[in-house]
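Report on one structure; see the data block that follows.
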Amino acid sequence: MSVDDDDEFRRRIRSDVPHSARVWNAWLGGKDHYPVDRRLAEAVSAAYPQMADIARASRAFQIRAIHYLVSTGVRQFLDVGTGLPVANSTHEVAQSVAPESRIVYVDDDPIVLTHAEALLTSAVEGRTAYVEADLSEVDAVVAEAAKTLDLSEPVAVLLLSTLGHLDPADGIDVVRRYLARMPSGSFLVLCDTVKTPQTLAAQEAYASGDNPPYLVREPEEITACAEGLEPVEPGFVPIDRWRPEEDDAVPVDQWGLVARKP
C-alpha cells in the first residue's frame, strides 16, 4: 500500500487506545505518541520502573550489533518490527559506516507507515525500503524484501523487543522460518524481555491498556529461536552486557544474542 493513501492510514490510526509503537516511543523519550500512550507507558513503568531502561538498552544493543555486523562485511539488513523512527535507526547506523548497505524495514502499525518517509531516506550508494506486513507473514515479507535485498548474499535479520507480540511457540517458528529463507553467512539479531516476577507485573500492566498483550519469555524460549545457528561471543546475555562500550551500563531484564547461520 502506498504512503500516498494518507487519508486511509489516518482513519486506521486510533488516538483513543494505546498503540505498541507509540508506547515504546514514549519510553524512548520520543514525541510521536498520544496522551493515551503516555498514560499506559507510565502505568507500566509504575509497575516495573526498569521499562524505560529496557527500551534504551534495546536501542543501544541494536546499534552495537549493527556496527559489529558491518565490521564482518554484512551489508544487508531486514529489520522486522521496526517501530517508529528514532535517531540511529538501522539504515542510519549501517550506512554511516558502509553507505552501500541495503535495509528493509517491516511493520504493520499504520502510524509507522505514516512515518515511513523518514525511514526511506538513504545514502546515495545504498537503498532502504519499507514493507507493511505482520511479522508472522514470513513468505510475504521475504518476497517483498527480495525486491531490495539480494537473498543470495548474507542478510542480518533483526527482531528486537518484538517477539512478545506472538505466543512463544509461534515466535520460535517465525524466527526459524525467516532464517531458513536466508543464505549461509546470514545473522540473527534477537532480544526480548525474560520472565521474572517484575516483568510479569509489567506484562499485566501493559495488558490493562485494552491492546494486544506483550508476552515475556523464559530464556530458553528466546534461545530456541537460534537453534542451529552459531552464537557470536559473548553469546546469550543481558543486552547491556553484549559487547558493552561502558562498564557502568544499567542491568536490564532483557536478554539477547547475535548468531550466524553456518
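As shown in the C-alpha cells, the chain order sets the letters A, B, ...; within each chain, residues go from 1, and ligands are also counted from 1 in the order they appear.
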So that I can check the surroundings of A:Thr199, please list as an mmCIF file with all heavy atoms, in the first residue's frame every protein, DNA and RNA residue that reaches within 12 Å of it, counting only C-alpha atoms and ignoring chain neighbours fewer than 6 positions away.
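To be explicit, this is the file written out as out26.cif:
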data_model
loop_
_atom_site.group_PDB
_atom_site.id
_atom_site.type_symbol
_atom_site.label_atom_id
_atom_site.label_comp_id
_atom_site.auth_asym_id
_atom_site.auth_seq_id
_atom_site.Cartn_x
_atom_site.Cartn_y
_atom_site.Cartn_z
ATOM 1 N N VAL A 44 2.842 1.144 33.121
ATOM 2 C CA VAL A 44 3.784 0.022 33.085
ATOM 3 C C VAL A 44 5.039 0.363 33.865
ATOM 4 O O VAL A 44 5.561 -0.458 34.638
ATOM 5 C CB VAL A 44 4.128 -0.351 31.629
ATOM 6 C CG1 VAL A 44 5.216 -1.427 31.600
ATOM 7 C CG2 VAL A 44 2.887 -0.830 30.890
ATOM 8 N N SER A 45 5.527 1.582 33.715
ATOM 9 C CA SER A 45 6.730 1.990 34.445
ATOM 10 C C SER A 45 6.492 2.026 35.946
ATOM 11 O O SER A 45 7.408 1.755 36.738
ATOM 12 C CB SER A 45 7.199 3.363 33.952
ATOM 13 O OG SER A 45 7.650 3.292 32.619
ATOM 14 N N ALA A 46 5.261 2.345 36.358
ATOM 15 C CA ALA A 46 4.946 2.329 37.787
ATOM 16 C C ALA A 46 5.013 0.919 38.333
ATOM 17 O O ALA A 46 5.470 0.689 39.467
ATOM 18 C CB ALA A 46 3.567 2.942 38.026
ATOM 19 N N ALA A 47 4.555 -0.052 37.522
ATOM 20 C CA ALA A 47 4.611 -1.458 37.946
ATOM 21 C C ALA A 47 6.012 -2.027 37.813
ATOM 22 O O ALA A 47 6.393 -2.935 38.558
ATOM 23 C CB ALA A 47 3.634 -2.291 37.110
ATOM 24 N N TYR A 48 6.787 -1.470 36.887
ATOM 25 C CA TYR A 48 8.114 -2.000 36.579
ATOM 26 C C TYR A 48 9.014 -0.820 36.165
ATOM 27 O O TYR A 48 9.117 -0.487 34.990
ATOM 28 C CB TYR A 48 8.002 -3.023 35.448
ATOM 29 C CG TYR A 48 9.307 -3.676 35.071
ATOM 30 C CD1 TYR A 48 10.087 -4.330 36.014
ATOM 31 C CD2 TYR A 48 9.749 -3.654 33.754
ATOM 32 C CE1 TYR A 48 11.279 -4.941 35.657
ATOM 33 C CE2 TYR A 48 10.939 -4.263 33.381
ATOM 34 C CZ TYR A 48 11.698 -4.900 34.351
ATOM 35 O OH TYR A 48 12.880 -5.501 33.996
ATOM 36 N N PRO A 49 9.659 -0.171 37.118
ATOM 37 C CA PRO A 49 10.414 1.057 36.833
ATOM 38 C C PRO A 49 11.546 0.893 35.820
ATOM 39 O O PRO A 49 12.024 1.891 35.269
ATOM 40 C CB PRO A 49 10.968 1.447 38.218
ATOM 41 C CG PRO A 49 10.005 0.841 39.191
ATOM 42 C CD PRO A 49 9.585 -0.461 38.563
ATOM 43 N N GLN A 50 11.969 -0.337 35.543
ATOM 44 C CA GLN A 50 13.081 -0.556 34.608
ATOM 45 C C GLN A 50 12.662 -0.431 33.142
ATOM 46 O O GLN A 50 13.511 -0.473 32.246
ATOM 47 C CB GLN A 50 13.673 -1.953 34.848
ATOM 48 C CG GLN A 50 14.999 -2.205 34.165
ATOM 49 C CD GLN A 50 15.462 -3.633 34.330
ATOM 50 O OE1 GLN A 50 15.064 -4.507 33.575
ATOM 51 N NE2 GLN A 50 16.307 -3.860 35.324
ATOM 52 N N MET A 51 11.375 -0.228 32.862
ATOM 53 C CA MET A 51 10.896 -0.334 31.494
ATOM 54 C C MET A 51 11.588 0.651 30.546
ATOM 55 O O MET A 51 11.988 0.279 29.440
ATOM 56 C CB MET A 51 9.389 -0.115 31.467
ATOM 57 C CG MET A 51 8.725 -0.599 30.193
ATOM 58 S SD MET A 51 8.965 -2.355 29.896
ATOM 59 C CE MET A 51 9.769 -2.292 28.290
ATOM 60 N N ILE A 54 14.998 -0.556 29.719
ATOM 61 C CA ILE A 54 14.979 -1.642 28.730
ATOM 62 C C ILE A 54 14.881 -1.070 27.320
ATOM 63 O O ILE A 54 15.586 -1.509 26.405
ATOM 64 C CB ILE A 54 13.822 -2.619 29.010
ATOM 65 C CG1 ILE A 54 14.205 -3.570 30.149
ATOM 66 C CG2 ILE A 54 13.442 -3.417 27.760
ATOM 67 C CD1 ILE A 54 13.163 -4.624 30.466
ATOM 68 N N GLY A 164 7.348 -10.661 21.682
ATOM 69 C CA GLY A 164 6.301 -10.732 22.695
ATOM 70 C C GLY A 164 4.907 -10.527 22.144
ATOM 71 O O GLY A 164 3.915 -10.803 22.823
ATOM 72 N N ASP A 192 14.732 -10.016 23.746
ATOM 73 C CA ASP A 192 13.402 -9.848 24.313
ATOM 74 C C ASP A 192 13.471 -9.956 25.825
ATOM 75 O O ASP A 192 14.495 -10.353 26.398
ATOM 76 C CB ASP A 192 12.404 -10.849 23.744
ATOM 77 C CG ASP A 192 11.142 -10.132 23.264
ATOM 78 O OD1 ASP A 192 10.502 -9.455 24.101
ATOM 79 O OD2 ASP A 192 10.802 -10.231 22.077
ATOM 80 N N THR A 193 12.366 -9.589 26.459
ATOM 81 C CA THR A 193 12.310 -9.495 27.915
ATOM 82 C C THR A 193 12.099 -10.876 28.527
ATOM 83 O O THR A 193 11.220 -11.630 28.095
ATOM 84 C CB THR A 193 11.168 -8.552 28.334
ATOM 85 O OG1 THR A 193 11.361 -7.289 27.690
ATOM 86 C CG2 THR A 193 11.151 -8.353 29.835
ATOM 87 N N ALA A 205 0.379 -5.010 33.610
ATOM 88 C CA ALA A 205 0.055 -3.588 33.481
ATOM 89 C C ALA A 205 -0.147 -3.213 32.022
ATOM 90 O O ALA A 205 -1.049 -2.431 31.692
ATOM 91 C CB ALA A 205 1.170 -2.745 34.099
ATOM 92 N N TYR A 206 0.670 -3.770 31.146
ATOM 93 C CA TYR A 206 0.536 -3.467 29.723
ATOM 94 C C TYR A 206 -0.798 -3.976 29.187
ATOM 95 O O TYR A 206 -1.453 -3.316 28.376
ATOM 96 C CB TYR A 206 1.691 -4.101 28.952
ATOM 97 C CG TYR A 206 1.733 -3.728 27.490
ATOM 98 C CD1 TYR A 206 2.298 -2.529 27.073
ATOM 99 C CD2 TYR A 206 1.198 -4.571 26.516
ATOM 100 C CE1 TYR A 206 2.342 -2.175 25.738
ATOM 101 C CE2 TYR A 206 1.227 -4.226 25.174
ATOM 102 C CZ TYR A 206 1.797 -3.034 24.797
ATOM 103 O OH TYR A 206 1.828 -2.682 23.464
ATOM 104 N N TYR A 214 1.650 -8.228 25.502
ATOM 105 C CA TYR A 214 3.044 -8.451 25.153
ATOM 106 C C TYR A 214 3.577 -9.476 26.148
ATOM 107 O O TYR A 214 3.619 -9.215 27.348
ATOM 108 C CB TYR A 214 3.865 -7.158 25.207
ATOM 109 C CG TYR A 214 5.199 -7.330 24.527
ATOM 110 C CD1 TYR A 214 5.335 -7.031 23.180
ATOM 111 C CD2 TYR A 214 6.302 -7.846 25.207
ATOM 112 C CE1 TYR A 214 6.542 -7.225 22.527
ATOM 113 C CE2 TYR A 214 7.502 -8.044 24.566
ATOM 114 C CZ TYR A 214 7.624 -7.735 23.224
ATOM 115 O OH TYR A 214 8.825 -7.946 22.579
ATOM 116 N N LEU A 215 3.951 -10.657 25.640
ATOM 117 C CA LEU A 215 4.273 -11.800 26.482
ATOM 118 C C LEU A 215 5.772 -11.911 26.718
ATOM 119 O O LEU A 215 6.560 -12.049 25.774
ATOM 120 C CB LEU A 215 3.758 -13.087 25.826
ATOM 121 C CG LEU A 215 2.260 -13.087 25.480
ATOM 122 C CD1 LEU A 215 1.905 -14.346 24.708
ATOM 123 C CD2 LEU A 215 1.418 -12.975 26.755
ATOM 124 N N VAL A 216 6.173 -11.851 27.994
ATOM 125 C CA VAL A 216 7.582 -12.035 28.325
ATOM 126 C C VAL A 216 7.946 -13.501 28.184
ATOM 127 O O VAL A 216 7.082 -14.377 28.157
ATOM 128 C CB VAL A 216 7.885 -11.492 29.736
ATOM 129 C CG1 VAL A 216 7.630 -9.996 29.792
ATOM 130 C CG2 VAL A 216 7.051 -12.212 30.797
ATOM 131 N N ARG A 217 9.243 -13.806 28.106
ATOM 132 C CA ARG A 217 9.743 -15.122 27.718
ATOM 133 C C ARG A 217 10.570 -15.790 28.809
ATOM 134 O O ARG A 217 11.283 -15.115 29.560
ATOM 135 C CB ARG A 217 10.660 -14.990 26.515
ATOM 136 C CG ARG A 217 10.199 -15.017 25.080
ATOM 137 C CD ARG A 217 8.853 -14.727 24.778
ATOM 138 N NE ARG A 217 8.567 -15.026 23.362
ATOM 139 C CZ ARG A 217 7.433 -14.731 22.793
ATOM 140 N NH1 ARG A 217 6.487 -14.130 23.472
ATOM 141 N NH2 ARG A 217 7.206 -15.027 21.534
ATOM 142 N N GLU A 218 10.526 -17.115 28.834
ATOM 143 C CA GLU A 218 11.563 -17.884 29.512
ATOM 144 C C GLU A 218 12.824 -17.791 28.654
ATOM 145 O O GLU A 218 12.733 -17.705 27.419
ATOM 146 C CB GLU A 218 11.156 -19.348 29.657
ATOM 147 C CG GLU A 218 9.934 -19.593 30.515
ATOM 148 C CD GLU A 218 10.180 -19.357 31.997
ATOM 149 O OE1 GLU A 218 11.346 -19.106 32.372
ATOM 150 O OE2 GLU A 218 9.220 -19.437 32.778
ATOM 151 N N VAL A 252 19.598 -4.898 32.854
ATOM 152 C CA VAL A 252 18.188 -4.976 32.481
ATOM 153 C C VAL A 252 17.758 -6.432 32.353
ATOM 154 O O VAL A 252 18.585 -7.333 32.197
ATOM 155 C CB VAL A 252 17.909 -4.241 31.149
ATOM 156 C CG1 VAL A 252 18.130 -2.743 31.294
ATOM 157 C CG2 VAL A 252 18.760 -4.809 30.016
ATOM 158 N N ASP A 253 16.437 -6.629 32.412
ATOM 159 C CA ASP A 253 15.856 -7.969 32.316
ATOM 160 C C ASP A 253 15.526 -8.330 30.876
ATOM 161 O O ASP A 253 14.576 -9.074 30.610
ATOM 162 C CB ASP A 253 14.581 -8.052 33.165
ATOM 163 C CG ASP A 253 14.870 -7.993 34.656
ATOM 164 O OD1 ASP A 253 15.910 -8.533 35.075
ATOM 165 O OD2 ASP A 253 14.055 -7.405 35.393
ATOM 166 N N GLN A 254 16.277 -7.796 29.957
ATOM 167 C CA GLN A 254 16.133 -8.203 28.566
ATOM 168 C C GLN A 254 17.444 -8.844 28.126
ATOM 169 O O GLN A 254 18.515 -8.287 28.360
ATOM 170 C CB GLN A 254 15.784 -7.017 27.664
ATOM 171 C CG GLN A 254 15.451 -7.468 26.239
ATOM 172 C CD GLN A 254 14.792 -6.385 25.419
ATOM 173 O OE1 GLN A 254 15.447 -5.728 24.613
ATOM 174 N NE2 GLN A 254 13.498 -6.194 25.585
#
Long-range neighbours of A:Pro234 as a PDB file with all heavy atoms, in the first residue's frame, 12 Å cut-off, only C-alpha atoms, 6 positions minimum in chain:
ATOM      1  N   ALA A  65      25.251  -4.078  17.752  1.00  0.00           N
ATOM      2  CA  ALA A  65      25.168  -5.268  16.906  1.00  0.00           C
ATOM      3  C   ALA A  65      25.357  -4.896  15.438  1.00  0.00           C
ATOM      4  O   ALA A  65      26.058  -5.601  14.689  1.00  0.00           O
ATOM      5  CB  ALA A  65      23.833  -5.974  17.116  1.00  0.00           C
ATOM      6  N   ASP A 240      22.657  -5.421  27.983  1.00  0.00           N
ATOM      7  CA  ASP A 240      23.618  -4.405  28.403  1.00  0.00           C
ATOM      8  C   ASP A 240      25.025  -4.972  28.518  1.00  0.00           C
ATOM      9  O   ASP A 240      26.001  -4.224  28.560  1.00  0.00           O
ATOM     10  CB  ASP A 240      23.195  -3.777  29.734  1.00  0.00           C
ATOM     11  CG  ASP A 240      23.109  -4.808  30.837  1.00  0.00           C
ATOM     12  OD1 ASP A 240      22.151  -5.603  30.833  1.00  0.00           O
ATOM     13  OD2 ASP A 240      24.001  -4.834  31.705  1.00  0.00           O
ATOM     14  N   ARG A 241      25.143  -6.327  28.554  1.00  0.00           N
ATOM     15  CA  ARG A 241      26.447  -6.975  28.662  1.00  0.00           C
ATOM     16  C   ARG A 241      26.947  -7.511  27.324  1.00  0.00           C
ATOM     17  O   ARG A 241      28.002  -8.131  27.256  1.00  0.00           O
ATOM     18  CB  ARG A 241      26.407  -8.151  29.674  1.00  0.00           C
ATOM     19  CG  ARG A 241      25.957  -7.813  31.080  1.00  0.00           C
ATOM     20  CD  ARG A 241      26.493  -6.511  31.635  1.00  0.00           C
ATOM     21  NE  ARG A 241      27.934  -6.343  31.485  1.00  0.00           N
ATOM     22  CZ  ARG A 241      28.565  -5.162  31.523  1.00  0.00           C
ATOM     23  NH1 ARG A 241      27.878  -4.054  31.703  1.00  0.00           N
ATOM     24  NH2 ARG A 241      29.862  -5.105  31.387  1.00  0.00           N
ATOM     25  N   TRP A 242      26.192  -7.301  26.235  1.00  0.00           N
ATOM     26  CA  TRP A 242      26.654  -7.768  24.930  1.00  0.00           C
ATOM     27  C   TRP A 242      27.594  -6.715  24.345  1.00  0.00           C
ATOM     28  O   TRP A 242      27.175  -5.681  23.860  1.00  0.00           O
ATOM     29  CB  TRP A 242      25.483  -8.016  23.976  1.00  0.00           C
ATOM     30  CG  TRP A 242      25.877  -8.832  22.780  1.00  0.00           C
ATOM     31  CD1 TRP A 242      25.835 -10.188  22.669  1.00  0.00           C
ATOM     32  CD2 TRP A 242      26.408  -8.336  21.536  1.00  0.00           C
ATOM     33  NE1 TRP A 242      26.306 -10.586  21.433  1.00  0.00           N
ATOM     34  CE2 TRP A 242      26.671  -9.465  20.722  1.00  0.00           C
ATOM     35  CE3 TRP A 242      26.696  -7.069  21.047  1.00  0.00           C
ATOM     36  CZ2 TRP A 242      27.194  -9.354  19.438  1.00  0.00           C
ATOM     37  CZ3 TRP A 242      27.233  -6.946  19.758  1.00  0.00           C
ATOM     38  CH2 TRP A 242      27.473  -8.082  18.971  1.00  0.00           C
ATOM     39  N   ARG A 243      28.897  -7.017  24.449  1.00  0.00           N
ATOM     40  CA  ARG A 243      29.952  -6.132  23.941  1.00  0.00           C
ATOM     41  C   ARG A 243      29.724  -4.677  24.340  1.00  0.00           C
ATOM     42  O   ARG A 243      29.665  -3.780  23.481  1.00  0.00           O
ATOM     43  CB  ARG A 243      30.075  -6.276  22.423  1.00  0.00           C
ATOM     44  CG  ARG A 243      30.380  -7.708  22.009  1.00  0.00           C
ATOM     45  CD  ARG A 243      30.622  -7.838  20.530  1.00  0.00           C
ATOM     46  NE  ARG A 243      31.008  -9.219  20.222  1.00  0.00           N
ATOM     47  CZ  ARG A 243      32.017  -9.570  19.415  1.00  0.00           C
ATOM     48  NH1 ARG A 243      32.756  -8.643  18.830  1.00  0.00           N
ATOM     49  NH2 ARG A 243      32.291 -10.849  19.193  1.00  0.00           N
ATOM     50  N   PRO A 244      29.586  -4.427  25.642  1.00  0.00           N
ATOM     51  CA  PRO A 244      29.277  -3.060  26.087  1.00  0.00           C
ATOM     52  C   PRO A 244      30.429  -2.106  25.823  1.00  0.00           C
ATOM     53  O   PRO A 244      31.598  -2.478  25.849  1.00  0.00           O
ATOM     54  CB  PRO A 244      29.034  -3.233  27.586  1.00  0.00           C
ATOM     55  CG  PRO A 244      29.870  -4.421  27.966  1.00  0.00           C
ATOM     56  CD  PRO A 244      29.795  -5.348  26.776  1.00  0.00           C
ATOM     57  N   TRP A 255      17.319 -10.021  27.504  1.00  0.00           N
ATOM     58  CA  TRP A 255      18.482 -10.780  27.065  1.00  0.00           C
ATOM     59  C   TRP A 255      18.465 -10.886  25.556  1.00  0.00           C
ATOM     60  O   TRP A 255      17.410 -10.795  24.919  1.00  0.00           O
ATOM     61  CB  TRP A 255      18.484 -12.177  27.690  1.00  0.00           C
ATOM     62  CG  TRP A 255      18.788 -12.214  29.164  1.00  0.00           C
ATOM     63  CD1 TRP A 255      18.185 -11.488  30.148  1.00  0.00           C
ATOM     64  CD2 TRP A 255      19.785 -13.003  29.794  1.00  0.00           C
ATOM     65  NE1 TRP A 255      18.739 -11.783  31.362  1.00  0.00           N
ATOM     66  CE2 TRP A 255      19.725 -12.724  31.185  1.00  0.00           C
ATOM     67  CE3 TRP A 255      20.711 -13.939  29.334  1.00  0.00           C
ATOM     68  CZ2 TRP A 255      20.562 -13.330  32.107  1.00  0.00           C
ATOM     69  CZ3 TRP A 255      21.549 -14.554  30.251  1.00  0.00           C
ATOM     70  CH2 TRP A 255      21.478 -14.245  31.625  1.00  0.00           C
ATOM     71  N   GLY A 256      19.639 -11.092  24.986  1.00  0.00           N
ATOM     72  CA  GLY A 256      19.703 -11.177  23.541  1.00  0.00           C
ATOM     73  C   GLY A 256      20.955 -11.854  23.048  1.00  0.00           C
ATOM     74  O   GLY A 256      21.823 -12.265  23.828  1.00  0.00           O
ATOM     75  N   LEU A 257      21.030 -11.970  21.737  1.00  0.00           N
ATOM     76  CA  LEU A 257      22.173 -12.636  21.103  1.00  0.00           C
ATOM     77  C   LEU A 257      22.309 -12.174  19.664  1.00  0.00           C
ATOM     78  O   LEU A 257      21.382 -11.616  19.069  1.00  0.00           O
ATOM     79  CB  LEU A 257      22.018 -14.161  21.152  1.00  0.00           C
ATOM     80  CG  LEU A 257      20.726 -14.794  20.593  1.00  0.00           C
ATOM     81  CD1 LEU A 257      20.709 -14.856  19.080  1.00  0.00           C
ATOM     82  CD2 LEU A 257      20.526 -16.183  21.166  1.00  0.00           C
ATOM     83  N   VAL A 258      23.474 -12.421  19.133  1.00  0.00           N
ATOM     84  CA  VAL A 258      23.746 -12.314  17.704  1.00  0.00           C
ATOM     85  C   VAL A 258      24.285 -13.682  17.299  1.00  0.00           C
ATOM     86  O   VAL A 258      25.176 -14.212  17.954  1.00  0.00           O
ATOM     87  CB  VAL A 258      24.767 -11.211  17.381  1.00  0.00           C
ATOM     88  CG1 VAL A 258      25.098 -11.195  15.893  1.00  0.00           C
ATOM     89  CG2 VAL A 258      24.250  -9.849  17.844  1.00  0.00           C
ATOM     90  N   ALA A 259      23.728 -14.271  16.252  1.00  0.00           N
ATOM     91  CA  ALA A 259      24.140 -15.617  15.851  1.00  0.00           C
ATOM     92  C   ALA A 259      24.211 -15.723  14.332  1.00  0.00           C
ATOM     93  O   ALA A 259      23.427 -15.086  13.620  1.00  0.00           O
ATOM     94  CB  ALA A 259      23.163 -16.654  16.398  1.00  0.00           C
TER      95      ALA A 259
END
* To do: Return the single residue from A:Gln95, A:Gln198, A:Asn25, A:Ser58 that is closest to A:Ile239, with distances computed using only C-alpha atoms.
  => A:Ser58
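Distances from A:Thr196, A:Ser20, A:Thr128, A:Ser122 to A:Pro219 were compared using only C-alpha atoms, and the smallest one belongs to A:Thr196.
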* From A:Asn211, A:Thr90, A:Thr82, A:Ser136, residue lying nearest A:Arg14 [only C-alpha atoms] ->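 Between A:Asn211, A:Thr90, A:Thr82, A:Ser136, the residue approaching A:Arg14 most closely is A:Asn211.
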* To do: Please measure the separation of atom CA of A:Ala249 and atom CA of A:Arg56, giving the value in Å to one decimal.
  =>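 These two atoms are separated by 10.7 Å.
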* So which bits of stretch 41-234 of chain A end up strand (DSSP E) when you DSSP the backbone, as number ranges by chain? -> A: 76-80, 102-107, 127-132, 156-160, 187-193, 230-231
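Of the listed residues (A:Asp32, A:Glu153, A:Asp210, A:Glu246), A:Glu153 comes nearest to A:Gln76; the distances count only C-alpha atoms.
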* To do: Select, from A:Ala87, A:Leu135, A:Ala140, A:Ala52, the residue with the minimum atom-to-atom distance to A:Leu163, counting only C-alpha atoms.
  =>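 Ranking A:Ala87, A:Leu135, A:Ala140, A:Ala52 by distance to A:Leu163, first place goes to A:Leu135.
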* A:Ala98: which residues within 9 Å, counting only C-alpha atoms, same-chain residues fewer than 5 positions away excluded, as a ChimeraX atom specification? -> /A:70,75,93,125-126
* To do: From a DSSP calculation on the backbone, collect every residue of stretch 23-110 of chain A in alpha helix (DSSP H) and output the set as a ChimeraX atom specification.
  => /A:23-27,35-47,51-71,90-97,110
* **Within 8 Å of A:Asp109 using only C-alpha atoms, minus same-chain residues under 4 positions, as a PyMOL selection string** => chain A and resi 21+83+113+132
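Remark: for A:Ala57, the closest of the candidate residues A:Ser161, A:Glu100, A:Lys147, A:Tyr178 is A:Ser161 (distances computed over only C-alpha atoms).
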* To do: Compile the contact shell of A:Arg181 as a VMD selection string: residues with an atom at most 12 Å away, counting only C-alpha atoms, same-chain residues fewer than 2 positions apart removed.
  => chain A and resid 78 138 to 143 145 to 146 150 to 157 174 to 179 183 to 184 186 to 187 261
